[in-house]
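Asker: Next comes my_file-v5.tsv, TSV, C-alpha atoms:
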```tsv
chain	number	residue	atom	x	y	z
A	1	MET	CA	29.97	-48.62	82.17
A	2	ASP	CA	33.43	-47.32	83.10
A	3	TYR	CA	36.57	-47.69	81.02
A	4	ASP	CA	39.56	-47.41	83.37
A	5	ILE	CA	43.03	-48.71	82.51
A	6	ARG	CA	45.20	-46.63	84.84
A	7	THR	CA	46.74	-49.80	86.30
A	8	PRO	CA	47.06	-53.41	85.03
A	9	GLU	CA	44.46	-54.52	87.59
A	10	LEU	CA	41.97	-51.87	86.49
A	11	ALA	CA	42.64	-52.73	82.85
A	12	MET	CA	41.86	-56.39	83.53
A	13	GLN	CA	38.64	-55.47	85.33
A	14	THR	CA	37.69	-53.18	82.46
A	15	LEU	CA	38.18	-55.95	79.90
A	16	ALA	CA	35.98	-58.25	81.97
A	17	SER	CA	33.20	-55.74	82.66
A	18	ILE	CA	32.97	-54.50	79.07
A	19	THR	CA	32.98	-57.93	77.41
A	20	GLY	CA	31.42	-60.11	80.12
A	21	ILE	CA	34.41	-62.48	79.92
A	22	PRO	CA	35.91	-63.34	83.35
A	23	ASN	CA	39.23	-61.96	84.56
A	24	ASN	CA	40.94	-65.34	84.59
A	25	ILE	CA	40.27	-65.83	80.87
A	26	TRP	CA	41.89	-62.51	80.03
A	27	VAL	CA	44.92	-63.34	82.17
A	28	TYR	CA	45.19	-66.76	80.50
A	29	LYS	CA	44.97	-65.19	77.04
A	30	SER	CA	47.63	-62.66	77.96
A	31	TYR	CA	50.06	-65.50	78.73
A	32	LEU	CA	49.30	-67.19	75.42
A	33	SER	CA	49.68	-64.01	73.38
A	34	ASP	CA	52.88	-62.71	74.98
A	35	GLY	CA	51.15	-59.31	74.89
A	36	ASN	CA	51.12	-59.14	71.10
A	37	ILE	CA	47.59	-59.10	69.71
A	38	ASP	CA	45.40	-57.44	67.09
A	39	ALA	CA	41.69	-56.85	66.58
A	40	ASP	CA	41.13	-60.35	65.17
A	41	TYR	CA	42.62	-61.87	68.32
A	42	LEU	CA	40.10	-59.92	70.42
A	43	TYR	CA	37.19	-60.90	68.23
A	44	ASP	CA	38.21	-64.58	68.51
A	45	ILE	CA	38.22	-64.36	72.32
A	46	ILE	CA	34.86	-62.64	72.40
A	47	GLU	CA	33.31	-65.25	70.11
A	48	LYS	CA	34.87	-68.27	71.82
A	49	TYR	CA	33.85	-67.24	75.34
A	50	ASN	CA	30.43	-65.81	74.45
A	51	GLY	CA	31.45	-62.28	75.18
A	52	HIS	CA	29.84	-59.12	73.89
A	53	LEU	CA	30.61	-55.52	73.01
A	54	PRO	CA	28.52	-52.70	74.46
A	55	SER	CA	27.39	-49.65	72.59
A	56	PHE	CA	30.05	-46.94	72.48
A	57	GLU	CA	27.42	-44.59	73.91
A	58	ASP	CA	27.29	-46.68	77.09
A	59	LEU	CA	30.91	-45.99	77.98
A	60	TYR	CA	32.31	-43.50	80.48
A	61	LEU	CA	36.06	-42.98	80.41
A	62	ILE	CA	38.48	-42.34	83.28
A	63	ILE	CA	41.31	-40.00	82.29
A	64	SER	CA	44.35	-38.60	84.10
A	65	HIS	CA	45.27	-35.01	83.29
A	66	ILE	CA	48.70	-33.84	84.43
A	67	THR	CA	49.05	-30.17	85.28
A	68	THR	CA	51.01	-27.84	87.55
A	69	SER	CA	49.86	-25.47	90.26
A	70	ALA	CA	51.21	-23.16	92.92
A	71	ASN	CA	48.14	-23.44	95.15
A	72	GLY	CA	47.00	-27.05	95.02
A	73	CYS	CA	44.68	-26.53	92.01
A	74	ILE	CA	42.18	-24.54	94.09
A	75	GLU	CA	40.60	-22.80	91.10
A	76	ILE	CA	40.29	-26.07	89.18
A	77	ALA	CA	38.65	-27.82	92.15
A	78	GLU	CA	36.11	-25.00	92.41
A	79	ASN	CA	35.38	-24.37	88.74
A	80	GLY	CA	36.69	-27.30	86.74
A	81	ILE	CA	39.05	-27.35	83.79
A	82	GLY	CA	38.73	-26.83	80.06
A	83	ASP	CA	40.79	-26.25	76.95
A	84	LEU	CA	43.64	-23.76	76.53
A	85	GLN	CA	41.41	-20.99	75.25
A	86	SER	CA	39.06	-21.25	78.21
A	87	ALA	CA	42.03	-21.31	80.61
A	88	TYR	CA	43.35	-18.07	79.15
A	89	ARG	CA	39.95	-16.37	78.98
A	90	ASN	CA	39.39	-17.12	82.68
A	91	PRO	CA	40.90	-14.18	84.63
A	92	ASN	CA	41.20	-16.36	87.74
A	93	SER	CA	43.18	-19.19	86.16
A	94	GLU	CA	46.80	-19.55	87.21
A	95	LEU	CA	47.93	-19.40	83.58
A	96	ARG	CA	46.11	-16.14	82.89
A	97	GLN	CA	47.33	-14.51	86.08
A	98	PHE	CA	50.90	-15.60	85.39
A	99	LEU	CA	50.87	-14.22	81.84
A	100	ASP	CA	49.24	-10.98	83.01
A	101	ALA	CA	51.94	-10.59	85.67
A	102	ASN	CA	54.57	-10.96	82.94
A	103	GLY	CA	52.98	-8.33	80.71
A	104	ILE	CA	51.70	-10.74	78.06
A	105	ASP	CA	48.34	-9.96	76.48
A	106	ILE	CA	46.97	-12.64	74.14
A	107	ARG	CA	44.11	-11.40	72.01
A	108	ILE	CA	42.60	-14.67	70.94
A	109	ASP	CA	39.84	-13.19	68.82
A	110	ASN	CA	42.34	-11.04	66.90
A	111	SER	CA	45.09	-13.70	66.50
A	112	CYS	CA	47.79	-11.59	68.08
A	113	LEU	CA	49.97	-11.40	71.18
A	114	VAL	CA	51.11	-8.10	72.71
A	115	HIS	CA	54.23	-7.79	74.84
A	116	ASN	CA	55.99	-4.57	75.86
A	117	GLY	CA	54.05	-2.63	73.25
A	118	THR	CA	55.00	-4.97	70.41
A	119	TYR	CA	52.38	-6.88	68.46
A	120	TYR	CA	53.10	-10.43	67.30
A	121	SER	CA	50.88	-12.34	64.91
A	122	ILE	CA	49.75	-15.73	66.17
A	123	GLU	CA	47.52	-16.38	63.18
A	124	TYR	CA	47.30	-20.08	62.43
A	125	ASP	CA	46.63	-21.85	59.15
A	126	ARG	CA	47.41	-25.55	59.14
A	127	TYR	CA	48.05	-25.41	55.38
A	128	ASP	CA	50.30	-22.33	55.48
A	129	CYS	CA	53.14	-23.02	57.88
A	130	PRO	CA	56.07	-20.57	57.57
A	131	TRP	CA	59.00	-22.40	56.04
A	132	ASP	CA	61.74	-20.89	58.25
A	133	ASP	CA	61.46	-22.47	61.71
A	134	GLU	CA	63.75	-19.80	63.19
A	135	SER	CA	61.58	-16.90	62.02
A	136	ILE	CA	59.24	-14.79	64.16
A	137	GLU	CA	56.43	-15.79	61.82
A	138	TYR	CA	56.97	-19.49	62.46
A	139	LYS	CA	57.23	-19.07	66.22
A	140	GLY	CA	54.05	-16.99	66.25
A	141	TRP	CA	52.38	-19.66	64.12
A	142	CYS	CA	53.38	-22.27	66.76
A	143	VAL	CA	51.75	-20.20	69.53
A	144	GLY	CA	48.65	-19.91	67.36
A	145	ARG	CA	48.63	-23.65	66.74
A	146	LYS	CA	48.34	-24.26	70.48
A	147	PHE	CA	45.41	-21.86	70.81
A	148	TYR	CA	43.48	-22.66	67.65
A	149	SER	CA	44.26	-26.28	66.76
A	150	ASP	CA	45.99	-28.17	69.58
A	151	ASN	CA	44.00	-26.54	72.37
A	152	GLY	CA	41.76	-29.41	73.48
A	153	LEU	CA	42.06	-30.81	76.98
A	154	CYS	CA	44.35	-33.81	76.85
A	155	GLY	CA	45.36	-36.52	79.26
A	156	PHE	CA	46.14	-40.20	79.56
A	157	PHE	CA	44.21	-43.42	79.89
A	158	ALA	CA	47.47	-44.93	81.15
A	159	ILE	CA	50.79	-43.39	82.17
A	160	ASP	CA	54.29	-44.76	81.71
A	161	SER	CA	55.71	-44.05	85.16
A	162	GLU	CA	59.30	-44.49	83.96
A	163	ARG	CA	59.21	-42.19	80.95
A	164	PRO	CA	57.93	-38.59	81.11
A	165	TYR	CA	55.57	-37.40	78.42
A	166	GLY	CA	57.46	-35.44	75.77
A	167	GLY	CA	55.46	-32.26	76.35
A	168	TYR	CA	56.77	-32.01	79.95
A	169	VAL	CA	53.32	-31.09	81.23
A	170	HIS	CA	54.45	-32.09	84.72
A	171	GLU	CA	56.77	-29.06	84.71
A	172	ARG	CA	54.81	-26.31	82.93
A	173	PRO	CA	51.99	-25.61	80.47
A	174	GLU	CA	53.24	-26.44	76.98
A	175	ILE	CA	52.20	-23.02	75.69
A	176	LEU	CA	54.85	-21.33	77.88
A	177	TYR	CA	57.59	-23.03	75.86
A	178	ASN	CA	56.11	-21.66	72.65
A	179	ILE	CA	55.79	-18.15	74.09
A	180	ASP	CA	59.40	-18.28	75.30
A	181	GLU	CA	60.49	-19.24	71.80
A	182	LEU	CA	58.59	-16.29	70.33
A	183	LEU	CA	59.55	-13.61	72.86
A	184	LYS	CA	62.93	-14.94	74.07
A	185	THR	CA	61.62	-14.83	77.63
A	186	ASN	CA	62.24	-17.20	80.52
A	187	LEU	CA	58.69	-18.08	81.52
A	188	VAL	CA	59.25	-21.83	81.67
A	189	ASP	CA	61.92	-21.64	84.36
A	190	GLU	CA	59.97	-19.07	86.34
A	191	TRP	CA	56.89	-21.32	86.32
A	192	LYS	CA	58.88	-24.46	87.18
A	193	ASN	CA	60.43	-22.76	90.21
A	194	SER	CA	57.06	-21.84	91.70
A	195	HIS	CA	54.69	-24.66	90.70
A	196	THR	CA	54.43	-28.40	91.39
A	197	ALA	CA	52.79	-31.26	89.49
A	198	TYR	CA	49.29	-32.63	90.10
A	199	GLU	CA	47.25	-35.45	88.62
A	200	ILE	CA	43.60	-34.62	88.00
A	201	VAL	CA	41.52	-37.74	87.43
A	202	PHE	CA	38.14	-37.17	85.80
A	203	LYS	CA	35.34	-39.05	84.07
A	204	ILE	CA	33.77	-38.12	80.75
A	205	HIS	CA	31.09	-39.64	78.53
A	206	SER	CA	32.29	-41.29	75.33
A	207	SER	CA	30.63	-38.53	73.28
A	208	GLU	CA	33.15	-36.08	74.75
A	209	LEU	CA	36.17	-38.10	73.65
A	210	GLU	CA	38.03	-37.34	70.44
A	211	LEU	CA	39.06	-40.87	69.50
A	212	TYR	CA	40.21	-41.56	65.97
A	213	GLU	CA	37.62	-39.05	64.77
A	214	GLN	CA	39.79	-38.22	61.77
A	215	ASN	CA	39.38	-41.81	60.54
A	216	ASN	CA	35.57	-41.72	60.79
A	217	ASP	CA	35.73	-45.04	62.63
A	218	GLU	CA	32.55	-46.85	63.46
A	219	ASP	CA	31.67	-47.11	67.15
A	220	GLU	CA	32.56	-50.81	67.31
A	221	ALA	CA	36.02	-50.07	65.89
A	222	LYS	CA	36.54	-47.45	68.60
A	223	ILE	CA	35.61	-49.96	71.31
A	224	ILE	CA	38.00	-52.54	69.87
A	225	LYS	CA	40.84	-50.02	69.90
A	226	LEU	CA	40.06	-49.15	73.50
A	227	LEU	CA	40.08	-52.85	74.40
A	228	LEU	CA	43.42	-53.34	72.67
A	229	ASP	CA	44.89	-50.57	74.82
A	230	ALA	CA	43.38	-52.21	77.90
A	231	PHE	CA	44.91	-55.57	76.96
A	232	TYR	CA	48.38	-54.05	76.48
A	233	GLU	CA	48.15	-52.20	79.79
A	234	MET	CA	47.05	-55.39	81.57
A	235	CYS	CA	50.09	-57.18	80.15
A	236	SER	CA	52.79	-54.55	80.51
A	237	GLY	CA	51.66	-51.98	83.05
A	238	SER	CA	53.92	-49.43	81.40
A	239	SER	CA	51.88	-48.02	78.55
A	240	GLU	CA	51.51	-44.39	77.60
A	241	VAL	CA	48.00	-44.15	76.19
A	242	HIS	CA	46.83	-40.69	75.22
A	243	ALA	CA	43.29	-39.42	75.71
A	244	GLN	CA	42.05	-36.28	73.99
A	245	CYS	CA	38.79	-34.50	74.75
A	246	LYS	CA	36.86	-32.90	71.94
A	247	PRO	CA	37.37	-29.14	71.51
A	248	ASP	CA	35.41	-27.00	73.97
A	249	VAL	CA	34.70	-29.91	76.37
A	250	LYS	CA	34.52	-28.57	79.92
A	251	ILE	CA	35.34	-30.75	82.91
A	252	THR	CA	33.02	-29.45	85.59
A	253	PRO	CA	33.84	-30.11	89.27
A	254	ASN	CA	31.33	-32.97	89.48
A	255	LYS	CA	33.31	-34.85	86.80
A	256	ILE	CA	36.54	-34.65	88.80
A	257	ILE	CA	37.32	-37.79	90.80
A	258	SER	CA	40.52	-36.68	92.50
A	259	ILE	CA	43.26	-34.04	92.52
A	260	LEU	CA	46.52	-35.35	93.98
A	261	PRO	CA	50.23	-34.47	93.87
A	262	PHE	CA	52.02	-36.21	91.01
A	263	ASP	CA	55.60	-37.41	91.43
A	264	LYS	CA	56.03	-40.24	88.90
A	265	TRP	CA	58.15	-38.28	86.44
A	266	ARG	CA	60.75	-36.77	88.73
```
Please, can you express the file's structure as structure tokens?
Answerer:
Amino acid sequence: MDYDIRTPELAMQTLASITGIPNNIWVYKSYLSDGNIDADYLYDIIEKYNGHLPSFEDLYLIISHITTSANGCIEIAENGIGDLQSAYRNPNSELRQFLDANGIDIRIDNSCLVHNGTYYSIEYDRYDCPWDDESIEYKGWCVGRKFYSDNGLCGFFAIDSERPYGGYVHERPEILYNIDELLKTNLVDEWKNSHTAYEIVFKIHSSELELYEQNNDEDEAKIIKLLLDAFYEMCSGSSEVHAQCKPDVKITPNKIISILPFDKWR
């Protein structure tokens, strides 16, 4: 069973297919609610119209990942896409080749970055953040955070076409900003001038999704939260709904639905 809320129409279809409640009922309820609902509102609809909730394990999720490429994402189409660590460890990835060309050697297993013969610590400890945000230590810690904590493959269930995501992933990999801050280089501009944005749409099983894991939510609570996002997207069509894969999840080529140029955030 697919969960797809990339457009209001798809969100409406998703609500209907997951709950068994017809499209017209969801549209009617959206008019009554003025788009402002909570979990109890959903439960009331499901009970009143004899709907149901599937097992979380039965769900497959459609996600849009925004990236940039100078060659139409050829390597991704052939080999898939993974987290930041896997992208750097792959000698054929555009990120790795770009950093190699700029003399940047990231030694992930040793928590350091080498540039022009100088070693920089990128050791990361979430509980020991350097206090001075202008220091080399802090900027190295930020690079480490991307590689060791915030490295999972991320994307969107729904995209706000009018407002770019704050990480500016449609312009460059976020890690380049952090490396520029550490080394005082100009990698971001160099990348932006030679790469264009693409939207990679892929499908994953619910077990590969990192959804409110920190709250230890029960599966039914996760489904309800997904349905709330679907309802809001059906009503507004302008949601930004994040989707985060679990660490080390690999999107193999057979999971990729499409790779197309992306121009919504120009």
Asker: For range 25-32 of chain A, list every protein, DNA or RNA residue within 8 Å, evaluated using all atoms listed in the file, and leave out those in the same chain fewer than 5 positions away; present the list as a list in words.
Answerer: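 In the requested form, the answer reads Met12, Leu15, Ala16, Phe231 and Cys235 of chain A.
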Asker: For a quick check of understanding, using all atoms listed in the file, which of A:Gln85, A:Asn193, A:Thr118, A:Asn90 has the smallest distance to Pro247 in chain A?
Answerer: A:Gln85
Asker: Mind checking which residues fall within 8 Å of Asn151 in chain A, counting all atoms listed in the file, ignoring those fewer than 3 positions away in the same chain, and posting them as a list of chain:residue names?
Answerer: A:Asp83, A:Leu84, A:Gln85, A:Arg145, A:Lys146, A:Phe147, A:Tyr148, A:Pro247
Asker: Find the residues near range 201-206 of chain A: any atom within 7 Å, counting all atoms listed in the file, skip ones fewer than 6 places away on the same chain, and give them as a ChimeraX atom specification.
Answerer: /A:56-57,59-65,255-259
Asker: Write out as a PDB file with C-alpha atoms, in the frame of the given file each polymer residue whose atoms come within 9 Å of Ser194 in chain A, counting all atoms listed in the file; drop sequence neighbours fewer than 3 positions from it.
Answerer:
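Listing of around.pdb after writing:
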```pdb
ATOM      1  CA  SER A  69      49.860 -25.470  90.260  1.00  0.00           C
ATOM      2  CA  ALA A  70      51.210 -23.160  92.920  1.00  0.00           C
ATOM      3  CA  ASP A 189      61.920 -21.640  84.360  1.00  0.00           C
ATOM      4  CA  GLU A 190      59.970 -19.070  86.340  1.00  0.00           C
ATOM      5  CA  TRP A 191      56.890 -21.320  86.320  1.00  0.00           C
TER       6      TRP A 191
END
```
Asker: Kindly provide, as a ChimeraX atom specification, the polymer residues lying within 10 Å of (48.1, -19.3, 82.2), counting all atoms listed in the file and using the coordinates exactly as they appear in the file.
Answerer: /A:84-85,87-100,172-173,175-176,191
Asker: Restricted to C-alpha atoms, what would the selected residues look like written as a PDB file, in the frame of the given file?
Answerer:
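This went into again-v6.pdb:
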```
ATOM      1  CA  LEU A  84      43.640 -23.760  76.530  1.00  0.00           C
ATOM      2  CA  GLN A  85      41.410 -20.990  75.250  1.00  0.00           C
ATOM      3  CA  ALA A  87      42.030 -21.310  80.610  1.00  0.00           C
ATOM      4  CA  TYR A  88      43.350 -18.070  79.150  1.00  0.00           C
ATOM      5  CA  ARG A  89      39.950 -16.370  78.980  1.00  0.00           C
ATOM      6  CA  ASN A  90      39.390 -17.120  82.680  1.00  0.00           C
ATOM      7  CA  PRO A  91      40.900 -14.180  84.630  1.00  0.00           C
ATOM      8  CA  ASN A  92      41.200 -16.360  87.740  1.00  0.00           C
ATOM      9  CA  SER A  93      43.180 -19.190  86.160  1.00  0.00           C
ATOM     10  CA  GLU A  94      46.800 -19.550  87.210  1.00  0.00           C
ATOM     11  CA  LEU A  95      47.930 -19.400  83.580  1.00  0.00           C
ATOM     12  CA  ARG A  96      46.110 -16.140  82.890  1.00  0.00           C
ATOM     13  CA  GLN A  97      47.330 -14.510  86.080  1.00  0.00           C
ATOM     14  CA  PHE A  98      50.900 -15.600  85.390  1.00  0.00           C
ATOM     15  CA  LEU A  99      50.870 -14.220  81.840  1.00  0.00           C
ATOM     16  CA  ASP A 100      49.240 -10.980  83.010  1.00  0.00           C
ATOM     17  CA  ARG A 172      54.810 -26.310  82.930  1.00  0.00           C
ATOM     18  CA  PRO A 173      51.990 -25.610  80.470  1.00  0.00           C
ATOM     19  CA  ILE A 175      52.200 -23.020  75.690  1.00  0.00           C
ATOM     20  CA  LEU A 176      54.850 -21.330  77.880  1.00  0.00           C
ATOM     21  CA  TRP A 191      56.890 -21.320  86.320  1.00  0.00           C
TER      22      TRP A 191
END
```
Asker: Out of A:Lys264, A:Lys139, A:Lys48, A:Arg6, which residue has the shortest atom-to-atom distance to Ser161 in chain A when counting only C-alpha atoms?
Answerer: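 Checking each of A:Lys264, A:Lys139, A:Lys48, A:Arg6 against Ser161 in chain A, counting only C-alpha atoms, the winner is A:Lys264.
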Asker: In Å to one decimal, how far is CA of Met1 in chain A from CA of Leu211 in chain A?
Answerer: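 Separating CA of Leu211 in chain A from CA of Met1 in chain A is a distance of 17.4 Å.
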Asker: Using all atoms listed in the file, determine which residues lie at most 8 Å from Cys154 in chain A, disregarding the query and same-chain residues fewer than 5 positions distant; provide the list as a JSON list (two decimals) with C-alpha atoms, in the coordinates of the input.
Answerer:
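So result-v3.json came out as:
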```
[["chain", "number", "residue", "atom", "x", "y", "z"],
["A", 65, "HIS", "CA", 45.27, -35.01, 83.29],
["A", 242, "HIS", "CA", 46.83, -40.69, 75.22],
["A", 243, "ALA", "CA", 43.29, -39.42, 75.71],
["A", 244, "GLN", "CA", 42.05, -36.28, 73.99],
["A", 245, "CYS", "CA", 38.79, -34.50, 74.75]]
```
Asker: As an exercise, work out the distance from CA of Gly20 in chain A to CA of Ile224 in chain A in Å and give it to one decimal place.
Answerer: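 Interatomic distance, CA of Gly20 in chain A to CA of Ile224 in chain A: 14.3 Å.
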Asker: When distances are computed from all atoms listed in the file, which of A:Ile66, A:Ile251, A:Ile104, A:Met234 shows the smallest separation from Val169 in chain A?
Answerer: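 For Val169 in chain A, the nearest of the candidates is A:Ile66.
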Asker: Using only C-alpha atoms, can you list as an mmCIF file with C-alpha atoms, in the frame of the given file the residues within 7 Å of (55.7, -13.5, 66.7)?
Answerer:
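Done, and the output landed in out01.cif:
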```cif
data_model
loop_
_atom_site.group_PDB
_atom_site.id
_atom_site.type_symbol
_atom_site.label_atom_id
_atom_site.label_comp_id
_atom_site.auth_asym_id
_atom_site.auth_seq_id
_atom_site.Cartn_x
_atom_site.Cartn_y
_atom_site.Cartn_z
ATOM 1 C CA TYR A 120 53.100 -10.430 67.300
ATOM 2 C CA SER A 121 50.880 -12.340 64.910
ATOM 3 C CA ILE A 122 49.750 -15.730 66.170
ATOM 4 C CA ILE A 136 59.240 -14.790 64.160
ATOM 5 C CA GLU A 137 56.430 -15.790 61.820
ATOM 6 C CA LYS A 139 57.230 -19.070 66.220
ATOM 7 C CA GLY A 140 54.050 -16.990 66.250
ATOM 8 C CA LEU A 182 58.590 -16.290 70.330
#
```
Asker: What does the distance from CA of Tyr124 in chain A to CA of Gly144 in chain A come to in Å, to one decimal?
Answerer: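 Going from CA of Tyr124 in chain A over to CA of Gly144 in chain A, I get 5.1 Å.
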Asker: Using all atoms listed in the file, pick whichever of A:Tyr119, A:Asp180, A:Arg163, A:Asp44 has the shortest atom-to-atom distance to Arg107 in chain A.
Answerer: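 Under the stated criterion, the closest residue is A:Tyr119.
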Asker: Between A:Thr68, A:Ser17, A:Asn36, A:Thr185, which residue has the minimum interatomic distance to Gly103 in chain A, considering only C-alpha atoms?
Answerer: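 The closest residue to Gly103 in chain A is A:Thr185.
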Asker: Identify which of the residues A:Val249, A:Ala11, A:Leu260, A:Ala221 lies closest to Thr196 in chain A, counting all atoms listed in the file when measuring atom-to-atom distances.
Answerer: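 Looking at the shortest contact to Thr196 in chain A, the residue is A:Leu260.
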Asker: Please fill the gaps in range 227-238 of chain A so it has N, CA and C atoms, and write that as an mmCIF file, in the coordinates of the input.
Answerer:
```cif
data_model
loop_
_atom_site.group_PDB
_atom_site.id
_atom_site.type_symbol
_atom_site.label_atom_id
_atom_site.label_comp_id
_atom_site.auth_asym_id
_atom_site.auth_seq_id
_atom_site.Cartn_x
_atom_site.Cartn_y
_atom_site.Cartn_z
ATOM 1 N N LEU A 227 39.803 -51.564 73.768
ATOM 2 C CA LEU A 227 40.080 -52.850 74.400
ATOM 3 C C LEU A 227 41.508 -53.315 74.126
ATOM 4 N N LEU A 228 42.031 -53.015 72.951
ATOM 5 C CA LEU A 228 43.420 -53.340 72.670
ATOM 6 C C LEU A 228 44.355 -52.608 73.628
ATOM 7 N N ASP A 229 44.075 -51.326 73.867
ATOM 8 C CA ASP A 229 44.890 -50.570 74.820
ATOM 9 C C ASP A 229 44.774 -51.166 76.218
ATOM 10 N N ALA A 230 43.571 -51.595 76.586
ATOM 11 C CA ALA A 230 43.380 -52.210 77.900
ATOM 12 C C ALA A 230 44.170 -53.512 78.013
ATOM 13 N N PHE A 231 44.177 -54.296 76.956
ATOM 14 C CA PHE A 231 44.910 -55.570 76.960
ATOM 15 C C PHE A 231 46.409 -55.314 77.134
ATOM 16 N N TYR A 232 46.945 -54.351 76.376
ATOM 17 C CA TYR A 232 48.380 -54.050 76.480
ATOM 18 C C TYR A 232 48.742 -53.548 77.869
ATOM 19 N N GLU A 233 47.882 -52.714 78.442
ATOM 20 C CA GLU A 233 48.150 -52.200 79.790
ATOM 21 C C GLU A 233 48.081 -53.326 80.816
ATOM 22 N N MET A 234 47.133 -54.252 80.670
ATOM 23 C CA MET A 234 47.050 -55.390 81.570
ATOM 24 C C MET A 234 48.332 -56.209 81.508
ATOM 25 N N CYS A 235 48.891 -56.354 80.317
ATOM 26 C CA CYS A 235 50.090 -57.180 80.150
ATOM 27 C C CYS A 235 51.361 -56.499 80.607
ATOM 28 N N SER A 236 51.503 -55.220 80.281
ATOM 29 C CA SER A 236 52.790 -54.550 80.510
ATOM 30 C C SER A 236 52.801 -53.632 81.720
ATOM 31 N N GLY A 237 51.701 -52.929 81.945
ATOM 32 C CA GLY A 237 51.660 -51.980 83.050
ATOM 33 C C GLY A 237 52.552 -50.780 82.848
ATOM 34 N N SER A 238 53.011 -50.554 81.639
ATOM 35 C CA SER A 238 53.920 -49.430 81.400
ATOM 36 C C SER A 238 53.573 -48.694 80.110
#
```
